[in-house]
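Everything below belongs to final.json, which stores JSON, C-alpha atoms.
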[["chain", "number", "residue", "atom", "x", "y", "z"],
["A", 1, "MET", "CA", 126.48, 90.49, 136.43],
["A", 2, "THR", "CA", 126.70, 92.23, 139.79],
["A", 3, "GLN", "CA", 128.09, 95.75, 139.95],
["A", 4, "ASP", "CA", 131.24, 94.37, 141.53],
["A", 5, "GLU", "CA", 131.70, 92.03, 138.55],
["A", 6, "ILE", "CA", 131.18, 94.90, 136.10],
["A", 7, "PHE", "CA", 133.87, 96.95, 137.82],
["A", 8, "GLN", "CA", 136.16, 93.95, 138.17],
["A", 9, "SER", "CA", 135.83, 93.08, 134.47],
["A", 10, "GLY", "CA", 136.85, 96.49, 133.16],
["A", 11, "GLU", "CA", 135.06, 99.53, 134.54],
["A", 12, "GLY", "CA", 137.44, 99.71, 137.50],
["A", 13, "ASP", "CA", 140.33, 100.03, 135.05],
["A", 14, "GLN", "CA", 138.40, 102.64, 133.06],
["A", 15, "TRP", "CA", 137.80, 104.69, 136.22],
["A", 16, "TYR", "CA", 141.52, 104.59, 136.95],
["A", 17, "GLU", "CA", 142.39, 105.71, 133.41],
["A", 18, "ARG", "CA", 140.00, 108.67, 133.68],
["A", 19, "ASN", "CA", 141.40, 109.80, 137.03],
["A", 20, "LYS", "CA", 145.03, 108.66, 137.25],
["A", 21, "VAL", "CA", 146.56, 112.06, 136.55],
["A", 22, "LYS", "CA", 145.11, 113.28, 139.89],
["A", 23, "LEU", "CA", 146.16, 110.23, 141.91],
["A", 24, "VAL", "CA", 149.47, 111.40, 143.37],
["A", 25, "PRO", "CA", 150.58, 111.49, 147.05],
["A", 26, "LYS", "CA", 149.03, 114.57, 148.64],
["A", 27, "ASP", "CA", 147.14, 115.95, 151.61],
["A", 28, "ASP", "CA", 143.36, 115.58, 151.15],
["A", 29, "PHE", "CA", 140.12, 115.48, 153.17],
["A", 30, "VAL", "CA", 140.86, 111.98, 154.47],
["A", 31, "CYS", "CA", 144.44, 112.79, 155.48],
["A", 32, "ARG", "CA", 143.32, 115.97, 157.22],
["A", 33, "MET", "CA", 140.74, 114.00, 159.18],
["A", 34, "ILE", "CA", 143.38, 111.50, 160.28],
["A", 35, "GLU", "CA", 145.75, 114.29, 161.32],
["A", 36, "SER", "CA", 143.00, 116.17, 163.19],
["A", 37, "ILE", "CA", 142.05, 113.27, 165.47],
["A", 38, "GLY", "CA", 145.63, 112.80, 166.66],
["A", 39, "VAL", "CA", 146.14, 109.12, 165.92],
["A", 40, "HIS", "CA", 149.58, 107.70, 165.11],
["A", 41, "PRO", "CA", 148.88, 104.45, 163.26],
["A", 42, "ARG", "CA", 151.59, 101.85, 162.77],
["A", 43, "ARG", "CA", 149.58, 99.60, 160.44],
["A", 44, "ILE", "CA", 147.22, 101.10, 157.85],
["A", 45, "VAL", "CA", 144.99, 99.50, 155.24],
["A", 46, "GLU", "CA", 142.87, 101.23, 152.61],
["A", 47, "VAL", "CA", 140.08, 99.43, 150.76],
["A", 48, "GLY", "CA", 139.46, 100.97, 147.36],
["A", 49, "CYS", "CA", 142.96, 102.47, 147.40],
["A", 50, "SER", "CA", 143.35, 102.91, 143.61],
["A", 51, "ASN", "CA", 147.12, 103.04, 142.99],
["A", 52, "GLY", "CA", 147.93, 103.63, 146.67],
["A", 53, "TYR", "CA", 148.66, 107.35, 146.35],
["A", 54, "ARG", "CA", 147.03, 108.24, 149.68],
["A", 55, "LEU", "CA", 148.75, 105.36, 151.45],
["A", 56, "GLU", "CA", 152.11, 106.62, 150.21],
["A", 57, "TYR", "CA", 151.42, 110.04, 151.74],
["A", 58, "LEU", "CA", 150.43, 108.43, 155.06],
["A", 59, "ARG", "CA", 153.36, 106.00, 154.98],
["A", 60, "GLN", "CA", 155.79, 108.90, 154.75],
["A", 61, "LYS", "CA", 154.00, 110.89, 157.44],
["A", 62, "PHE", "CA", 153.59, 108.12, 160.03],
["A", 63, "HIS", "CA", 156.36, 105.71, 158.98],
["A", 64, "ALA", "CA", 153.62, 103.08, 158.95],
["A", 65, "VAL", "CA", 153.34, 99.71, 157.27],
["A", 66, "CYS", "CA", 150.66, 100.16, 154.61],
["A", 67, "TYR", "CA", 148.40, 97.76, 152.73],
["A", 68, "GLY", "CA", 145.88, 98.48, 150.01],
["A", 69, "TYR", "CA", 143.21, 96.69, 147.99],
["A", 70, "ASP", "CA", 141.48, 97.84, 144.82],
["A", 71, "ILE", "CA", 139.23, 96.26, 142.21],
["A", 72, "SER", "CA", 141.29, 97.70, 139.32],
["A", 73, "ASN", "CA", 144.21, 95.57, 138.20],
["A", 74, "GLU", "CA", 145.70, 98.50, 136.25],
["A", 75, "ALA", "CA", 145.65, 100.70, 139.35],
["A", 76, "ILE", "CA", 147.35, 98.04, 141.45],
["A", 77, "GLU", "CA", 150.04, 97.38, 138.83],
["A", 78, "ALA", "CA", 150.74, 101.11, 138.52],
["A", 79, "GLY", "CA", 150.90, 101.46, 142.31],
["A", 80, "CYS", "CA", 153.29, 98.55, 142.71],
["A", 81, "ASP", "CA", 155.65, 100.27, 140.27],
["A", 82, "ALA", "CA", 155.27, 103.77, 141.73],
["A", 83, "PHE", "CA", 155.12, 102.94, 145.46],
["A", 84, "PRO", "CA", 157.06, 99.69, 146.02],
["A", 85, "GLU", "CA", 157.04, 99.97, 149.82],
["A", 86, "ILE", "CA", 153.24, 99.62, 149.95],
["A", 87, "HIS", "CA", 151.67, 96.14, 149.90],
["A", 88, "LEU", "CA", 149.01, 96.28, 147.16],
["A", 89, "LYS", "CA", 146.66, 93.57, 145.90],
["A", 90, "GLN", "CA", 143.78, 93.43, 143.42],
["A", 91, "LYS", "CA", 140.63, 92.37, 145.29],
["A", 92, "ALA", "CA", 136.96, 93.30, 145.36],
["A", 93, "LEU", "CA", 135.83, 94.51, 148.77],
["A", 94, "HIS", "CA", 133.96, 91.32, 149.67],
["A", 95, "GLU", "CA", 137.06, 89.25, 148.74],
["A", 96, "ILE", "CA", 139.48, 90.94, 151.15],
["A", 97, "PRO", "CA", 140.96, 88.45, 153.65],
["A", 98, "TYR", "CA", 140.19, 88.78, 157.34],
["A", 99, "ASP", "CA", 142.98, 90.46, 159.32],
["A", 100, "THR", "CA", 142.18, 92.23, 162.58],
["A", 101, "SER", "CA", 145.57, 93.85, 163.06],
["A", 102, "PHE", "CA", 145.12, 97.34, 161.61],
["A", 103, "ASP", "CA", 145.27, 100.53, 163.66],
["A", 104, "LEU", "CA", 143.69, 102.54, 160.84],
["A", 105, "VAL", "CA", 141.28, 101.40, 158.13],
["A", 106, "ILE", "CA", 140.23, 103.76, 155.32],
["A", 107, "CYS", "CA", 137.23, 103.35, 153.02],
["A", 108, "ASN", "CA", 136.75, 106.51, 150.98],
["A", 109, "PHE", "CA", 133.99, 106.84, 148.36],
["A", 110, "VAL", "CA", 133.79, 103.09, 147.74],
["A", 111, "LEU", "CA", 130.62, 101.78, 149.36],
["A", 112, "HIS", "CA", 128.26, 103.66, 147.05],
["A", 113, "TRP", "CA", 129.52, 101.45, 144.18],
["A", 114, "VAL", "CA", 129.02, 98.12, 145.95],
["A", 115, "ASP", "CA", 126.27, 95.81, 144.68],
["A", 116, "ARG", "CA", 123.47, 95.75, 147.24],
["A", 117, "SER", "CA", 123.59, 91.94, 147.38],
["A", 118, "LEU", "CA", 127.18, 92.21, 148.66],
["A", 119, "LEU", "CA", 126.88, 95.30, 150.86],
["A", 120, "VAL", "CA", 126.54, 93.68, 154.28],
["A", 121, "GLN", "CA", 129.27, 91.16, 153.49],
["A", 122, "SER", "CA", 131.53, 93.99, 152.31],
["A", 123, "MET", "CA", 130.98, 96.09, 155.43],
["A", 124, "SER", "CA", 131.61, 93.03, 157.59],
["A", 125, "ARG", "CA", 134.98, 92.62, 155.85],
["A", 126, "ILE", "CA", 135.80, 96.23, 156.68],
["A", 127, "ASP", "CA", 134.88, 95.72, 160.34],
["A", 128, "ALA", "CA", 137.07, 92.62, 160.47],
["A", 129, "LEU", "CA", 140.12, 94.69, 159.52],
["A", 130, "VAL", "CA", 139.82, 97.15, 162.43],
["A", 131, "ARG", "CA", 141.54, 96.10, 165.65],
["A", 132, "ARG", "CA", 139.91, 96.86, 168.99],
["A", 133, "GLY", "CA", 140.78, 100.46, 169.82],
["A", 134, "GLY", "CA", 141.56, 101.15, 166.17],
["A", 135, "THR", "CA", 140.07, 103.78, 163.89],
["A", 136, "LEU", "CA", 137.86, 103.45, 160.83],
["A", 137, "VAL", "CA", 137.68, 106.46, 158.50],
["A", 138, "ILE", "CA", 134.77, 106.48, 156.06],
["A", 139, "GLY", "CA", 134.14, 109.03, 153.33],
["A", 140, "ASP", "CA", 131.10, 108.96, 151.05],
["A", 141, "PHE", "CA", 128.06, 110.87, 149.88],
["A", 142, "ASP", "CA", 125.69, 112.09, 152.60],
["A", 143, "PRO", "CA", 122.36, 113.13, 151.05],
["A", 144, "ASP", "CA", 119.25, 114.13, 152.99],
["A", 145, "TYR", "CA", 117.68, 110.74, 152.25],
["A", 146, "GLN", "CA", 118.81, 107.35, 150.93],
["A", 147, "GLN", "CA", 118.88, 107.34, 147.11],
["A", 148, "LYS", "CA", 120.35, 105.73, 143.99],
["A", 149, "ARG", "CA", 121.43, 107.30, 140.71],
["A", 150, "LYS", "CA", 122.22, 105.84, 137.31],
["A", 151, "TYR", "CA", 125.95, 105.61, 136.64],
["A", 152, "HIS", "CA", 126.46, 107.93, 133.68],
["A", 153, "HIS", "CA", 129.65, 106.26, 132.39],
["A", 154, "LEU", "CA", 127.69, 103.06, 131.62],
["A", 155, "PRO", "CA", 124.31, 104.31, 130.39],
["A", 156, "ASP", "CA", 123.36, 100.96, 128.83],
["A", 157, "GLU", "CA", 124.05, 98.93, 131.97],
["A", 158, "GLU", "CA", 121.99, 98.65, 135.16],
["A", 159, "VAL", "CA", 124.70, 100.24, 137.28],
["A", 160, "TYR", "CA", 123.92, 102.73, 140.04],
["A", 161, "THR", "CA", 125.57, 104.77, 142.73],
["A", 162, "TYR", "CA", 123.84, 104.23, 146.07],
["A", 163, "LYS", "CA", 124.09, 107.27, 148.32],
["A", 164, "GLN", "CA", 123.40, 107.03, 152.05],
["A", 165, "ASP", "CA", 125.03, 107.35, 155.48],
["A", 166, "TYR", "CA", 127.29, 104.29, 155.60],
["A", 167, "THR", "CA", 128.57, 105.09, 159.08],
["A", 168, "ALA", "CA", 125.12, 104.17, 160.43],
["A", 169, "PHE", "CA", 125.79, 100.44, 159.90],
["A", 170, "PHE", "CA", 128.95, 100.50, 161.99],
["A", 171, "LYS", "CA", 127.48, 102.67, 164.75],
["A", 172, "ALA", "CA", 124.39, 100.45, 164.95],
["A", 173, "THR", "CA", 126.56, 97.47, 165.94],
["A", 174, "GLY", "CA", 127.38, 99.23, 169.20],
["A", 175, "LEU", "CA", 131.08, 98.62, 168.51],
["A", 176, "TYR", "CA", 131.94, 102.06, 167.12],
["A", 177, "ARG", "CA", 131.88, 105.60, 168.49],
["A", 178, "GLU", "CA", 132.06, 108.60, 166.18],
["A", 179, "THR", "CA", 135.02, 110.76, 167.18],
["A", 180, "ALA", "CA", 134.92, 113.35, 164.38],
["A", 181, "VAL", "CA", 132.91, 114.18, 161.27],
["A", 182, "PHE", "CA", 132.78, 116.97, 158.70],
["A", 183, "THR", "CA", 130.84, 117.63, 155.52],
["A", 184, "PHE", "CA", 131.97, 119.12, 152.24],
["A", 185, "ASP", "CA", 130.85, 119.86, 148.70],
["A", 186, "HIS", "CA", 131.97, 116.91, 146.59],
["A", 187, "ASP", "CA", 131.66, 118.85, 143.32],
["A", 188, "LYS", "CA", 133.55, 121.96, 144.47],
["A", 189, "GLN", "CA", 135.83, 120.16, 146.96],
["A", 190, "THR", "CA", 135.18, 122.80, 149.61],
["A", 191, "TYR", "CA", 134.38, 122.41, 153.30],
["A", 192, "GLY", "CA", 131.05, 123.27, 154.85],
["A", 193, "TYR", "CA", 127.54, 123.57, 153.48],
["A", 194, "ALA", "CA", 126.61, 121.64, 150.35],
["A", 195, "PRO", "CA", 123.27, 120.84, 148.73],
["A", 196, "SER", "CA", 122.02, 117.31, 149.32],
["A", 197, "GLU", "CA", 122.96, 115.97, 145.88],
["A", 198, "ALA", "CA", 126.59, 117.16, 146.21],
["A", 199, "ARG", "CA", 127.17, 116.66, 149.94],
["A", 200, "GLY", "CA", 130.03, 114.44, 151.00],
["A", 201, "MET", "CA", 131.08, 113.50, 154.49],
["A", 202, "CYS", "CA", 134.15, 112.12, 156.19],
["A", 203, "ALA", "CA", 133.86, 110.47, 159.59],
["A", 204, "ALA", "CA", 136.27, 108.87, 162.04],
["A", 205, "LEU", "CA", 134.90, 105.97, 164.09],
["A", 206, "ARG", "CA", 136.76, 104.40, 167.00],
["A", 207, "LYS", "CA", 136.25, 100.68, 167.63],
["A", 208, "MET", "CA", 135.64, 99.96, 171.29],
["A", 209, "GLU", "CA", 137.90, 97.83, 173.44],
["A", 210, "ASN", "CA", 136.28, 94.84, 175.19],
["A", 211, "GLU", "CA", 136.81, 96.39, 178.61],
["A", 212, "GLU", "CA", 134.83, 99.51, 177.65],
["A", 213, "TYR", "CA", 131.54, 97.65, 178.03],
["A", 214, "TYR", "CA", 129.59, 98.36, 181.21],
["A", 215, "VAL", "CA", 129.60, 95.38, 183.55],
["A", 216, "LEU", "CA", 126.30, 94.81, 185.31],
["A", 217, "THR", "CA", 126.42, 93.20, 188.72],
["A", 218, "GLN", "CA", 123.54, 91.79, 190.70]]

Give the structure from this file in structure tokens form.
Amino acid sequence: MTQDEIFQSGEGDQWYERNKVKLVPKDDFVCRMIESIGVHPRRIVEVGCSNGYRLEYLRQKFHAVCYGYDISNEAIEAGCDAFPEIHLKQKALHEIPYDTSFDLVICNFVLHWVDRSLLVQSMSRIDALVRRGGTLVIGDFDPDYQQKRKYHHLPDEEVYTYKQDYTAFFKATGLYRETAVFTFDHDKQTYGYAPSEARGMCAALRKMENEEYYVLTQ
């Protein structure tokens, strides 16, 4: 099975059970990034949204229409009960339908779980959600060098976390410009310096409008 299939068949639900007590609407690193760059999104989607707790915070703050996708069926069911004004669906990242209408797309600490055979397809799905002129916020691990680590919750399975700079893919397309970035200690949940193995990052990328390209004339 791929890693996505392993999470879809039960580990996604187990992750939610282990963490659900903390998943309540609140200000966090991602929300602070969004507030700091001064955007006022009307349509927001989060991929890997768990029960939609962050979307509920942003919905109240911006009075936005919010959508969320997560691989855990339990998380989605709980979110539909707790936050009925958010549109939530159970989908793996590579299964999300194409919809280019979102002002703000959030992908926070999701891509390091994605099976490498589905990574490019998954990131293409994310790109397809961001409208021209919209913002993509990505949070994930940011080690000194690309690496993978065994997933300790499933020691008998070939499941890994893949840690690298995922913003590089989007910037390499030439379609995105980084507007803000900060690093933090993922273990201590504090801003600033962190050793490579614990370093997290959150970045805001703006998707270019068509008319922003330079026009060459003869």

Which value, in Å to one decimal, gives the distance between CA of Glu17 in chain A and CA of Asp185 in chain A?
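These atoms are spaced 23.8 Å apart.
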
Can you list, as a count of residues only, every protein, DNA or RNA residue that comes within 7 Å of range 87-92 of chain A when you count all atoms listed in the file, leaving out same-chain residues fewer than 2 positions away?
15

Among listed residues A:Lys148, A:Arg177, A:Lys26, A:Lys207, nearest Asp115 in chain A (using only C-alpha atoms)
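Answer, going by the shortest atom-to-atom distance: A:Lys148.
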
Dump as a PyMOL selection string all residues having an atom at most 6 Å from (134.4, 115.9, 157.9), computed in the file's coordinates with only C-alpha atoms.
chain A and resi 181-183+201-203

How would the residues just picked look written out with C-alpha atoms as a PDB file, in the frame of the given file?
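New file out_13.pdb:
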ATOM      1  CA  VAL A 181     132.910 114.180 161.270  1.00  0.00           C
ATOM      2  CA  PHE A 182     132.780 116.970 158.700  1.00  0.00           C
ATOM      3  CA  THR A 183     130.840 117.630 155.520  1.00  0.00           C
ATOM      4  CA  MET A 201     131.080 113.500 154.490  1.00  0.00           C
ATOM      5  CA  CYS A 202     134.150 112.120 156.190  1.00  0.00           C
ATOM      6  CA  ALA A 203     133.860 110.470 159.590  1.00  0.00           C
TER       7      ALA A 203
END

Residues at most 9 Å from Thr179 in chain A, counting only C-alpha atoms, excluding those fewer than 4 positions away in the same chain, as an mmCIF file with C-alpha atoms, in the coordinates of the input?
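Written output follows (selection.cif):
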data_model
loop_
_atom_site.group_PDB
_atom_site.id
_atom_site.type_symbol
_atom_site.label_atom_id
_atom_site.label_comp_id
_atom_site.auth_asym_id
_atom_site.auth_seq_id
_atom_site.Cartn_x
_atom_site.Cartn_y
_atom_site.Cartn_z
ATOM 1 C CA ILE A 37 142.050 113.270 165.470
ATOM 2 C CA ALA A 203 133.860 110.470 159.590
ATOM 3 C CA ALA A 204 136.270 108.870 162.040
ATOM 4 C CA LEU A 205 134.900 105.970 164.090
ATOM 5 C CA ARG A 206 136.760 104.400 167.000
#

Closest of A:Lys20, A:Phe29, A:Ser36, A:Glu211 to Phe184 in chain A - atom-to-atom distances counting only C-alpha atoms
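That would be A:Phe29, the residue with the smallest distance to Phe184 in chain A.
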
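Put simply, CA of Glu11 in chain A is 27.1 Å away from CA of Leu58 in chain A.
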
Among the residues A:Tyr214, A:Tyr166, A:Tyr57, A:Trp15, the one that comes closest to Pro143 in chain A [using all atoms listed in the file]
A:Tyr166

Between A:Pro195, A:Pro97, A:Glu157, A:Arg54, which residue has the minimum interatomic distance to Ile6 in chain A, considering all atoms listed in the file?
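Comparing A:Pro195, A:Pro97, A:Glu157, A:Arg54 against Ile6 in chain A, the winner is A:Glu157.
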
Between CA of Cys49 in chain A and CA of Val120 in chain A, what is the distance, to one decimal in Å?
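If I compute the distance from CA of Cys49 in chain A to CA of Val120 in chain A, I get 19.9 Å.
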
Point out the residue among A:His112, A:Arg199, A:Val45, A:Arg149 with the least atom-to-atom distance to Asp99 in chain A, counting only C-alpha atoms.
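Answer, going by the shortest atom-to-atom distance: A:Val45.
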